Structure formats: structure tokens, C-alpha cells
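Peer 1: Take a look at the following structure, please.
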Amino acid sequence: MTDTQIIAPVPAKAETPFAQFRAEFFESKIAVGALITLGIVVVLALLAPWITPQNPYDLAQVDVMDARLPPGEEAFSGYTMWLGSDGSGRDLFSAILYGLRISLAVGVASGVIALFIGTFVGLFAAYVGGRVETLIMRFVDLQLSFPASLVALMLVALLGKGVDKIILALVVSQWAYYARTVRATALVERHKEYVEAAICLGLSKARIMFRHILPNCLGPLIVVGTVQVASAISLEATLSFLGVGLPQTQPSLGVLIANGFEYMLSGRYWISVFPGLALLLTVVSINLVGDHLRDVLNPRMKK
Amino acid sequence: MTPILEIENVSKRFTKKLDAAGKIAARLGANIREETVHAVDNVSMSIMPGEVLGLVGESGCGKSTLGRVVAGIHPPSAGQLHLDGTPINDLSAQDKRRANLDIQMIFQDPSSSLNPRMRVEDIISEAPRMHKMVSGASETSDFVDDLMRKVGLDPVMKRRYPHQFSGGQRQRIGIARALAVKPRFLVCDEAIAALDVSIQAQVINLFADLREDLGLTYLFISHDLSVVQHITDRVAIMYLGRIVEIAPTDDIFSTPRHPYTRALLDQVPRLDQRKQDFTPIRGEIPSPLDPPTGCHFHPRCPHATDLCRQNAPQLSTVLSGHMASCHHLETLGV
């Protein structure tokens, strides 16, 4: 009876899921604009040591005579300070790019570490179930009922200043978001028929969790990850602004904004406003990219 | 001949436990309690090698749950399964694994039963690789090509993802995945219900071919009586977790004995009875949370008596191979 078998024809166009995703992502002009802005910000931050006229950390290059120059003024050592200078004579353009390096590094590092910890905890909770899951998830709920900034503030107050300490504080205040996302998605995926098929085929539990369920949780995870990196950056800026984040020797955007704050009322707006704008641009573009990622990766929003 | 599979007094209950808040609310007099669903209630039957047994019933009667218990996805709450006469639970770990692979399942929804992030070749070859049934890249590749051809798919497409296939093709991928572990028994859970009618015929023919080529035995779960009549050797009718009638296909369609089976068969539209008014079975299928006492069908049965309301009837033999569970089989006649 083999003649009844039909060899199905090859569909004309074979699109990989990634190509499809890319095409859909680039449909939104706002998201593309945000992605380009973000790309420029990241490239500028990475290239900071080579494109800035001054290394704001090198005291030999900073001249107090240049302090509080308005935007466009020429510095004592000859170059133009397009964004002006701050209270100790640092060129703001250079300081912002160096500050972006620190802000982005702290945000991404804490985001990635929290993502790994949260994913593992969330997947473990969904995997073991029962009492252990309840215990873990109630702890997650408990932590999420406090504002992240409060948790981070308390931790930094306990630990002290420093890049490592602030990353630790950010990880502790953010891992719970990832854990909750992963666990919720994993619980949905666990009841789908492809998981039942995998059980029926005798695959190990670990394999089902990591090879079948985890890859299908990546969509929501990427979205939460992007949004959380943005919130980590603004949280770090908040802490630094309050004076409990990074030390003066490693000025992130938050420290720069804080430094300029005392000059605001004397009309020297640029010292705070330009780092503030840089922070705004970064956080908003990450959020826009994240929002659009969510729309594209959510199968229910598919046309 | 020993049956390939024997289902012995199998029950499956799902209990929704109360959490701490629920317990406190219940203590304070709120109208909530632990809820137990008797999805499958003390079912026994046996299936012979090479047979196609149809399992028919309304939605929510527990036929899919029974299929999942048979396929080893859900452990039974009570009772046990025998494969080739041996209880599966008594087997050694290795034999038990083999026994579980011997029974595979084809799912209803071909789009959710395939992992969307895996390529077809990985979907098909994952289990055999994990169970060391194939090894090495070229052997695996040949193995996948062979299986895809067997189910009527072009092996050229093996690097594709499931969403790039049509519903019928996806169902073929699901069949190939099940066949990859060399099963002897397939549980088809509404395996064609989600497909177009023309595609249904192709997939049914594929099942028939595979039965011949590989000597497979099927438990064919469906609510489509015409398909069941066409392809099964025997049919079991299920109502609210219990088997109410089981008989060779011809017998059940010509001389149904149980009032529920009769009501069910009366509703099949036929060309020769086009003018007939359909009389739906009275009432809804009762909630399995609160099954009726006695015979589960009594609230909807036109012949119900006090006996039916108090005692649950047992399956009894009407003719050889034809069993029904009703207190009034004699009085109802043929």
C-alpha cells in the first residue's frame, strides 16, 4: 500500500525563525531608531579612551582652571569643551563617555549574573515543584514586595562603595524578577504536548528542562533581561546620585549628575543636564528595544 | 494468545490540594474543599497484538487521560498495566524503560506536540540518540531519512523547523518521532481530529500502512464515529471515566446494547436517514468532580430505575466478546 503515501512538496520559501524574527523586528521604525541610538551609545562608550580629548581620571590632564566652563568654551589646554566642564575642570563630553562605560558595564554585568541565577532558581522551582517550589516562590514574592531600590540601598549601605559591591547589590535586588518569569513560563511550557511527548520517549528530566523547556522560555527572558538592564543602569545612577553607589574616583553617570546638582541653581545647568540626557537616552532606547522585542517574541501578538 | 497490553482496574484521580490560605478559608466556613476528579474510574480491558481498539466518548469522559496512563505519561492512581502478560511495574529498570518505549503516543494538536525550537531531524532523532539506539552522525542521518520516507515526508526538509510544515506534515513528524524508538503499540489521541478531512484520510491510510509494515497495535482515541467504524477492530465506549460497552466494531454499530451507546450512534448523520430529527441526549455530561451515584449515566438515561441510581452495574458479557454495563440489558433487548 505504499502507493497511497504522498511525499509532501517542499514549500517555496524556507525561512529560519531568526530571519522571520529579524524581519518583524525591523518593521518598527521606533525600535530600529532605538536600536541604532543604543548602538551608537555603546560604541561611543567602548571607544571612549580613543575619541575623548581628555581622560577625566588622569589628574595630570584635568586642570582646575577649566572648571565650570560653559558648553563650547575653549579649554586651557586648547581643545573645545562642547559640553562644558564640571566643578573640577573635567571635560563633560569625556566624562560622560567614561561614565557611560561604567554605567553600562555595571548594568550589563549585574543583569547577566542576575539572569543566570534567576533562571536557574526559577527553572529549579518549576522542576522540583511541591514544597520546595512554594518555599522558593514565597521568598521571591517577599523580595519583590520591597522596591528594588530599597533592597539595593540597604545592601550598599551595609557593604560600602565599589563597583563589585554595587553589582552584588543590583544582582540581589533583581534576580527575583528573572526567577519569577522563568518559573511562570516553564510552568506553562511543562503542560504542552511536546513535553508529554518527551516524557513518553523516556528522556531524562534534566534534558526535558534544559533542552525542551528552557529554550522555549527564552523569549520572555530576553524581554525581562533588556528591561532589567535598563532598570539596573538607572538604579545604579540613583544610588550613585544619593552618594552610596560608586566612589568619586569611578564616576558613573549618576555621580556626574550628583556632582553637577549643586551648581544647578547658579545657572550652570550643563554639569547635571548633559549626563542626565545621556542616561535618559540610554535607558529609553534600551526600554524601547525591549518593548518591541516583547511584541515580536510574543506569539499571541503575531499577525 | 497473550494480550499485548492489559489494563487492570486502572483509575486516575487528579486532586487539587488546598493551599494554606484555602485551608484557613475552609476552616472559617468558606465553600471550598479539596477537589478530586475521577478522570478514569476502575477501567479494565485488554488489547491483542495487531489489533486496533477504538476508544470513544464525549469530551471530558476521560479517554485522553486513559490514553496518557497507557502511554506512561501519567502514573495510574490505582491498578496496573501488563505488557505481554507481565506487570510493567515488576520489570527491572532496563526492561521497564524498554516497555515504556514500546508504547508511544500520537497527539491531537500537531502544532503544540512538536518543540518549536528544534529542527525536525533533532525532534526525530533525539530519543534514539539518548537511548543509544543510533550513534554517529551518518548513521543518525540515514536513520532520520529512512523514518521520514516511511511516514511520507521528503528528507530534504529535515533541517526545517516545525512551523514551516502544514498540519498534516507536522502530524507525520509526530508519527516519525514516535516510530523512532521502535514501539509496538501506538496510542493515537484524537490524532486526526485537528486535520482537514482530505488530510485525515492520508493520515489514516498511513496508520493502516504502518500497522501492516511494522505489526503495530493501536489504541485509537476518537470522537469521530465514522472514522472509528472505518479503521478499528473493536470499540470501547467510555462514559464519565468508565467503560460502558466494549465489542467488535461491527457488533457495536449493528447491535449496540447500552443505552448510552445507542444514543451516541443515533446521532451519527446518515445519508439514508436524511429527514430524521436528531434528539440530543438529555442534559449535559455530569461533572467528574461530582459523579452521580450508581450508574453514571442514570440522570440522562430514559430507562433508569432506582436500581440504577443506587448500584453501579458491572461489565457483563452479552455475547462472546461483547460486554456492556447496564442493569437492564435483558429488558432492553436488541
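Naming scheme: A, B, ... for chains in displayed order of the C-alpha cells; residues 1 onward per chain; ligands 1 onward as shown.
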Excluding Val140 (chain A) and its own-chain neighbours fewer than 4 positions away, which residues fall within 7 Å of it when counting only C-alpha atoms? Please give them as a PyMOL selection string.
Peer 2: chain A and resi 136+144+176
Peer 1: Should the cut-off be 6 Å, what would the residue list for chain B against chain A look like, counting only C-alpha atoms, as a PDB file with C-alpha atoms, in the first residue's frame?
Peer 2:
```
ATOM      1  CA  ILE B  73       2.815   9.954  30.796  1.00  0.00           C
ATOM      2  CA  SER B 112       1.887  22.045  20.192  1.00  0.00           C
ATOM      3  CA  SER B 113       3.178  18.488  20.225  1.00  0.00           C
ATOM      4  CA  LEU B 114       6.418  19.424  18.447  1.00  0.00           C
ATOM      5  CA  ASN B 115       9.061  21.512  20.173  1.00  0.00           C
ATOM      6  CA  GLY B 152       5.731  10.206   3.665  1.00  0.00           C
ATOM      7  CA  LEU B 153       7.973  13.214   4.220  1.00  0.00           C
ATOM      8  CA  ASP B 154      10.797  14.344   1.987  1.00  0.00           C
TER       9      ASP B 154
END
```
Peer 1: Quick one: residues within 6 Å of region 220-228 of chain B, only C-alpha atoms, excluding same-chain residues fewer than 2 positions away - as an MDAnalysis selection string?
Peer 2: chainID B and resid 53:57 188:190 218 230:232
Peer 1: I need the residues from that last selection saved to file as a compact mmCIF listing (two decimals), in the first residue's frame (with N, CA and C atoms), if you can.
Peer 2:
```txt
# COMPACT_ATOMS: atom_id res chain seq x y z
N LEU B 53 -7.96 -0.94 18.62
CA LEU B 53 -9.07 -0.77 19.54
C LEU B 53 -9.46 0.70 19.55
N GLY B 54 -10.71 0.98 19.26
CA GLY B 54 -11.19 2.36 19.30
C GLY B 54 -11.67 2.69 20.70
N LEU B 55 -11.40 3.92 21.13
CA LEU B 55 -11.91 4.36 22.44
C LEU B 55 -12.72 5.61 22.16
N VAL B 56 -14.03 5.51 22.44
CA VAL B 56 -14.94 6.57 22.01
C VAL B 56 -15.65 7.14 23.23
N GLY B 57 -15.92 8.41 23.19
CA GLY B 57 -16.67 9.03 24.28
C GLY B 57 -16.77 10.52 24.05
N CYS B 188 -3.16 6.70 19.81
CA CYS B 188 -3.45 7.86 18.97
C CYS B 188 -4.55 8.66 19.63
N ASP B 189 -4.17 9.78 20.24
CA ASP B 189 -5.15 10.57 20.98
C ASP B 189 -5.75 11.61 20.05
N GLU B 190 -6.91 11.33 19.50
CA GLU B 190 -7.57 12.26 18.58
C GLU B 190 -6.59 12.69 17.49
N TYR B 218 -2.87 -0.57 17.90
CA TYR B 218 -3.29 0.80 18.17
C TYR B 218 -4.37 0.88 19.23
N HIS B 230 -14.56 2.85 10.48
CA HIS B 230 -13.75 2.52 9.32
C HIS B 230 -12.48 1.75 9.68
N ILE B 231 -11.81 2.14 10.77
CA ILE B 231 -10.47 1.59 10.95
C ILE B 231 -10.29 0.65 12.15
N THR B 232 -11.28 0.56 13.05
CA THR B 232 -11.00 -0.23 14.24
C THR B 232 -11.55 -1.66 14.13
```
Peer 1: When you count only C-alpha atoms, which of these residues is closest to Val112 (chain A): A:Gly87, A:Pro275, A:Gly225, A:Gly130?
Peer 2: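 Among the listed residues, A:Gly225 lies closest to Val112 (chain A).
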Peer 1: Between A:Gly160, A:Pro220, A:Gly78, A:Gly33, which has the minimum distance to Ala184 (chain A) (counting only C-alpha atoms)?
Peer 2: A:Pro220
Peer 1: Show me, as a ChimeraX atom specification, the residues that have an atom within 12 Å of Ile36 (chain A) when counting only C-alpha atoms, minus same-chain residues fewer than 3 positions from it.
Peer 2: /A:26,29-33,39-43,281-282,285-286,288-289
Peer 1: Suppose you want the space between CA of Arg262 (chain B) and CA of Pro286 (chain B); what is it in Å?
Peer 2: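 It comes out at 18.6 Å.
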Peer 1: Can you tell me how far CA of Leu277 (chain A) sits from CA of Ala45 (chain A), in Å to one decimal?
Peer 2: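 Interatomic distance, CA of Leu277 (chain A) to CA of Ala45 (chain A): 14.7 Å.
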Peer 1: Using DSSP on the backbone coordinates, identify the residues of region 37-87 of chain B assigned to strand (DSSP E or B); present them as a list in words.
Peer 2: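 Checking each residue of region 37-87 of chain B, the strand (DSSP E or B) ones are Val37, His38, Ala39, Val40, Asp41, Asn42, Val43, Ser44, Met45, Ser46, Ile47, Val52, Leu53, Gly54, Leu55, Val56, Ala78, Gly79, Gln80, Leu81, His82, Leu83, Thr86 and Pro87 of chain B.
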Peer 1: List the neighbours of Ala48 (chain A) out to 9 Å using only C-alpha atoms; skip same-chain residues closer than 2 positions along the sequence, and give me the result as a PyMOL selection string.
Peer 2: chain A and resi 43-46+50-52+55+94+97-98+101
Peer 1: Once you have the residues from the selection above, write them out as a PDB file, in the first residue's frame, restricted to N, CA and C atoms.
Peer 2:
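Dumped everything to result.pdb:
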```pdb
ATOM      1  N   VAL A  43      28.924  52.032  21.221  1.00  0.00           N
ATOM      2  CA  VAL A  43      30.196  52.186  20.510  1.00  0.00           C
ATOM      3  C   VAL A  43      30.979  53.367  21.087  1.00  0.00           C
ATOM      4  N   LEU A  44      30.294  54.490  21.328  1.00  0.00           N
ATOM      5  CA  LEU A  44      30.968  55.661  21.907  1.00  0.00           C
ATOM      6  C   LEU A  44      31.580  55.304  23.253  1.00  0.00           C
ATOM      7  N   ALA A  45      30.818  54.567  24.064  1.00  0.00           N
ATOM      8  CA  ALA A  45      31.314  54.206  25.391  1.00  0.00           C
ATOM      9  C   ALA A  45      32.537  53.303  25.274  1.00  0.00           C
ATOM     10  N   LEU A  46      32.476  52.358  24.331  1.00  0.00           N
ATOM     11  CA  LEU A  46      33.598  51.429  24.193  1.00  0.00           C
ATOM     12  C   LEU A  46      34.843  52.140  23.688  1.00  0.00           C
ATOM     13  N   TRP A  50      39.806  56.442  23.149  1.00  0.00           N
ATOM     14  CA  TRP A  50      40.453  56.875  21.907  1.00  0.00           C
ATOM     15  C   TRP A  50      39.806  58.092  21.281  1.00  0.00           C
ATOM     16  N   ILE A  51      38.588  58.421  21.638  1.00  0.00           N
ATOM     17  CA  ILE A  51      37.932  59.539  20.965  1.00  0.00           C
ATOM     18  C   ILE A  51      37.715  60.748  21.871  1.00  0.00           C
ATOM     19  N   THR A  52      37.987  60.609  23.148  1.00  0.00           N
ATOM     20  CA  THR A  52      37.763  61.769  24.015  1.00  0.00           C
ATOM     21  C   THR A  52      39.040  62.602  24.065  1.00  0.00           C
ATOM     22  N   ASN A  55      41.347  62.318  29.403  1.00  0.00           N
ATOM     23  CA  ASN A  55      40.998  61.216  30.284  1.00  0.00           C
ATOM     24  C   ASN A  55      40.613  61.811  31.630  1.00  0.00           C
ATOM     25  N   SER A  94      34.019  64.012  27.681  1.00  0.00           N
ATOM     26  CA  SER A  94      34.860  62.873  28.052  1.00  0.00           C
ATOM     27  C   SER A  94      34.299  62.161  29.266  1.00  0.00           C
ATOM     28  N   LEU A  97      31.274  59.946  28.431  1.00  0.00           N
ATOM     29  CA  LEU A  97      31.606  58.689  27.758  1.00  0.00           C
ATOM     30  C   LEU A  97      32.246  57.705  28.738  1.00  0.00           C
ATOM     31  N   TYR A  98      33.147  58.193  29.584  1.00  0.00           N
ATOM     32  CA  TYR A  98      33.744  57.293  30.578  1.00  0.00           C
ATOM     33  C   TYR A  98      32.687  56.826  31.572  1.00  0.00           C
ATOM     34  N   ARG A 101      30.626  54.086  30.134  1.00  0.00           N
ATOM     35  CA  ARG A 101      31.322  52.793  30.215  1.00  0.00           C
ATOM     36  C   ARG A 101      30.996  52.106  31.525  1.00  0.00           C
TER      37      ARG A 101
END
```
Peer 1: I want to know what sits within 10 Å of Val188 (chain A), based on only C-alpha atoms, with residues of the same chain fewer than 6 positions away left out; could you give that as number ranges by chain?
Peer 2: A: 126, 182, 213, 217
Peer 1: Let me see the file: selected residues, C-alpha atoms, as a tab-separated table (two decimals), in the first residue's frame.
Peer 2:
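again11.tsv written:
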```
chain	number	residue	atom	x	y	z
A	126	ALA	CA	9.35	24.58	38.36
A	182	VAL	CA	11.24	31.71	34.12
A	213	ILE	CA	11.50	23.83	28.30
A	217	CYS	CA	11.32	30.31	27.90
```
